[in-house]
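Student: Can you keep this structure in mind? I'll have questions shortly.
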Amino acid sequence: MDVKSAFLNGFLQEEVFVEQPKGFVDAHHPNVYRLKKALYGLKQAPRAWYERLTQFLVDNNYTRGSVDKTLFIKRDNDELFIAQIYVDDIVFGSTNNTKVQQFVDVMSLEFEMSLVGELVTS
């Protein structure tokens with residue numbers, strides 16, 4: 001699963017200001033702007049995205065790995081769901097196909113996603 005425009009989904013915790021690039025200054029609004037959300041190229045963008053995604057998954061009863069902080073697990077009786085995050089890609093699987101579809105549905109409601117396809121091992 002690929003998150004479209006992942007870094008634009010992050011909310012900034014600290015104050016970040018930007019100014020318009022030279023040659024593109026709007027004469028009617030030549031100000032410096034305070035950002036509320038991350039932008040691509042901003043050094044805080046990957047962290048802001050990951051924090052937002054982590055909070056979303058934890059709020060939906062996923063447990064973050066104790067060693068690998070990009071691994072999320074959800075246990076339901078004998079069923080297991082695992083999601084591994086890598087930048088803006090999520091590899092996931094479950095012992096129950098219904099859990100997989102529920103994950104796709106929940107994530108697609110919150111973030112703009114595209115399914116890349118099934119992971120094939122050789």
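By convention in this document, the chains of the structure tokens carry letters A, B, ... by their order, each chain's residues are numbered from 1, and ligands are numbered from 1 in the order they are shown.
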Going by DSSP on the backbone, which residues of chain A come out as strand (DSSP E)? List them as a ChimeraX atom specification.
Tutor: /A:2-3,11-19,32-37,63-64,71-76,79-86,89-94,113-114
Student: Would you pick out the contacts of Pro21 (chain A) at 12 Å or less, using only C-alpha atoms, so that residues sharing its chain but fewer than 2 positions from it are not included, and give the list as a ChimeraX atom specification?
Tutor: /A:18-19,23-26,30-33
Student: Can you pull out every residue within 10 Å of region 54-57 of chain A, counting only C-alpha atoms, but drop anything in the same chain fewer than 5 positions away, and send it as a list in words?
Tutor: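 Selected residues are Ala48, Trp49, Tyr62, Thr63, Arg64, Lys69, Thr70, Leu71, Phe72, Ile73, Lys74, Ala83, Ile85, Phe103, Val106, Met107 and Glu110 of chain A.
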Student: Please extract the residues of region 4-116 of chain A with a backbone DSSP assignment of alpha helix (DSSP H) and present them as a PyMOL selection string.
Tutor: chain A and resi 45-59+97-110
Student: Considering only C-alpha atoms, state which residue in the set A:Val16, A:Tyr50, A:Lys22, A:Arg34 is at the smallest distance from Asp88 (chain A).
Tutor: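 So, comparing all the options, the nearest one is A:Tyr50.
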Student: Between CA of Val3 (chain A) and CA of Leu109 (chain A), what is the spacing in Å?
Tutor: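 About the pair CA of Leu109 (chain A) and CA of Val3 (chain A): they are 11.9 Å apart.
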Student: Compile the contact shell of Arg75 (chain A) as a list in words: residues with an atom at most 10 Å away, counting only C-alpha atoms, same-chain residues fewer than 2 positions apart removed.
Tutor: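 Counting only the stated atoms, we get Asn61, Tyr62, Thr63, Ile73, Asn77, Asp78, Glu79, Leu80, Phe81, Ile82 and Ser94 of chain A.
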Student: With all heavy atoms retained, export the selected residues as an mmCIF file, in the first residue's frame.
Tutor:
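The new file part19.cif reads:
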```cif
data_model
loop_
_atom_site.group_PDB
_atom_site.id
_atom_site.type_symbol
_atom_site.label_atom_id
_atom_site.label_comp_id
_atom_site.auth_asym_id
_atom_site.auth_seq_id
_atom_site.Cartn_x
_atom_site.Cartn_y
_atom_site.Cartn_z
ATOM 1 N N ASN A 61 -5.993 0.706 18.075
ATOM 2 C CA ASN A 61 -5.632 -0.510 18.817
ATOM 3 C C ASN A 61 -4.492 -1.330 18.230
ATOM 4 O O ASN A 61 -4.423 -2.535 18.444
ATOM 5 C CB ASN A 61 -6.859 -1.396 19.032
ATOM 6 C CG ASN A 61 -7.940 -0.665 19.769
ATOM 7 O OD1 ASN A 61 -7.663 0.043 20.732
ATOM 8 N ND2 ASN A 61 -9.172 -0.796 19.307
ATOM 9 N N TYR A 62 -3.592 -0.708 17.492
ATOM 10 C CA TYR A 62 -2.386 -1.386 17.039
ATOM 11 C C TYR A 62 -1.292 -1.109 18.054
ATOM 12 O O TYR A 62 -1.243 -0.038 18.659
ATOM 13 C CB TYR A 62 -1.952 -0.875 15.653
ATOM 14 C CG TYR A 62 -2.897 -1.290 14.562
ATOM 15 C CD1 TYR A 62 -4.026 -0.542 14.279
ATOM 16 C CD2 TYR A 62 -2.675 -2.443 13.826
ATOM 17 C CE1 TYR A 62 -4.921 -0.931 13.292
ATOM 18 C CE2 TYR A 62 -3.558 -2.838 12.830
ATOM 19 C CZ TYR A 62 -4.672 -2.071 12.572
ATOM 20 O OH TYR A 62 -5.550 -2.455 11.602
ATOM 21 N N THR A 63 -0.409 -2.062 18.241
ATOM 22 C CA THR A 63 0.707 -1.918 19.165
ATOM 23 C C THR A 63 1.980 -1.717 18.363
ATOM 24 O O THR A 63 2.248 -2.480 17.419
ATOM 25 C CB THR A 63 0.855 -3.196 20.028
ATOM 26 O OG1 THR A 63 -0.379 -3.452 20.681
ATOM 27 C CG2 THR A 63 1.946 -3.032 21.055
ATOM 28 N N ILE A 73 1.461 -4.146 15.301
ATOM 29 C CA ILE A 73 0.816 -5.453 15.449
ATOM 30 C C ILE A 73 -0.536 -5.264 16.114
ATOM 31 O O ILE A 73 -0.691 -4.444 17.021
ATOM 32 C CB ILE A 73 1.684 -6.384 16.324
ATOM 33 C CG1 ILE A 73 3.054 -6.577 15.683
ATOM 34 C CG2 ILE A 73 0.999 -7.717 16.552
ATOM 35 C CD1 ILE A 73 4.066 -7.232 16.587
ATOM 36 N N ASN A 77 -7.716 -12.387 19.623
ATOM 37 C CA ASN A 77 -7.829 -13.814 19.924
ATOM 38 C C ASN A 77 -6.692 -14.569 19.233
ATOM 39 O O ASN A 77 -5.538 -14.294 19.506
ATOM 40 C CB ASN A 77 -9.196 -14.366 19.543
ATOM 41 C CG ASN A 77 -10.303 -13.680 20.328
ATOM 42 O OD1 ASN A 77 -10.122 -13.365 21.500
ATOM 43 N ND2 ASN A 77 -11.428 -13.452 19.678
ATOM 44 N N ASP A 78 -7.001 -15.463 18.319
ATOM 45 C CA ASP A 78 -5.959 -16.223 17.615
ATOM 46 C C ASP A 78 -5.543 -15.563 16.303
ATOM 47 O O ASP A 78 -4.723 -16.117 15.577
ATOM 48 C CB ASP A 78 -6.457 -17.645 17.327
ATOM 49 C CG ASP A 78 -6.588 -18.467 18.591
ATOM 50 O OD1 ASP A 78 -5.934 -18.117 19.589
ATOM 51 O OD2 ASP A 78 -7.364 -19.444 18.583
ATOM 52 N N GLU A 79 -6.097 -14.412 15.998
ATOM 53 C CA GLU A 79 -5.790 -13.738 14.737
ATOM 54 C C GLU A 79 -4.696 -12.704 14.944
ATOM 55 O O GLU A 79 -4.614 -12.052 15.978
ATOM 56 C CB GLU A 79 -7.050 -13.074 14.190
ATOM 57 C CG GLU A 79 -8.125 -14.087 13.862
ATOM 58 C CD GLU A 79 -9.455 -13.441 13.535
ATOM 59 O OE1 GLU A 79 -9.581 -12.218 13.676
ATOM 60 O OE2 GLU A 79 -10.363 -14.178 13.156
ATOM 61 N N LEU A 80 -3.860 -12.551 13.937
ATOM 62 C CA LEU A 80 -2.724 -11.640 13.997
ATOM 63 C C LEU A 80 -2.703 -10.759 12.763
ATOM 64 O O LEU A 80 -2.911 -11.238 11.644
ATOM 65 C CB LEU A 80 -1.420 -12.455 14.089
ATOM 66 C CG LEU A 80 -0.115 -11.681 14.081
ATOM 67 C CD1 LEU A 80 0.010 -10.875 15.378
ATOM 68 C CD2 LEU A 80 1.055 -12.640 13.953
ATOM 69 N N PHE A 81 -2.461 -9.468 12.964
ATOM 70 C CA PHE A 81 -2.295 -8.526 11.851
ATOM 71 C C PHE A 81 -0.971 -7.813 12.069
ATOM 72 O O PHE A 81 -0.683 -7.351 13.176
ATOM 73 C CB PHE A 81 -3.433 -7.503 11.803
ATOM 74 C CG PHE A 81 -3.292 -6.564 10.647
ATOM 75 C CD1 PHE A 81 -3.880 -6.847 9.437
ATOM 76 C CD2 PHE A 81 -2.525 -5.416 10.759
ATOM 77 C CE1 PHE A 81 -3.715 -5.997 8.356
ATOM 78 C CE2 PHE A 81 -2.355 -4.567 9.689
ATOM 79 C CZ PHE A 81 -2.951 -4.850 8.481
ATOM 80 N N ILE A 82 -0.176 -7.705 11.010
ATOM 81 C CA ILE A 82 1.128 -7.036 11.087
ATOM 82 C C ILE A 82 1.227 -6.023 9.957
ATOM 83 O O ILE A 82 0.880 -6.316 8.810
ATOM 84 C CB ILE A 82 2.278 -8.061 10.959
ATOM 85 C CG1 ILE A 82 2.231 -9.042 12.124
ATOM 86 C CG2 ILE A 82 3.619 -7.359 10.906
ATOM 87 C CD1 ILE A 82 3.240 -10.146 12.033
ATOM 88 N N SER A 94 -2.165 -10.572 7.369
ATOM 89 C CA SER A 94 -2.898 -11.091 8.506
ATOM 90 C C SER A 94 -3.196 -12.569 8.313
ATOM 91 O O SER A 94 -3.151 -13.082 7.192
ATOM 92 C CB SER A 94 -4.215 -10.328 8.673
ATOM 93 O OG SER A 94 -4.968 -10.841 9.744
#
```
Student: Of the residues A:Arg52, A:Tyr86, A:Thr98, A:Lys43, which is the one nearest to Phe11 (chain A), using only C-alpha atoms?
Tutor: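 Of A:Arg52, A:Tyr86, A:Thr98, A:Lys43, the one nearest Phe11 (chain A) is A:Arg52, counting only C-alpha atoms.
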Student: Using only C-alpha atoms, can you tell me which of A:Leu53, A:Asp59, A:Gln13, A:Gln84 comes closest to Ala38 (chain A)?
Tutor: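 Under the stated criterion, the closest residue is A:Gln13.
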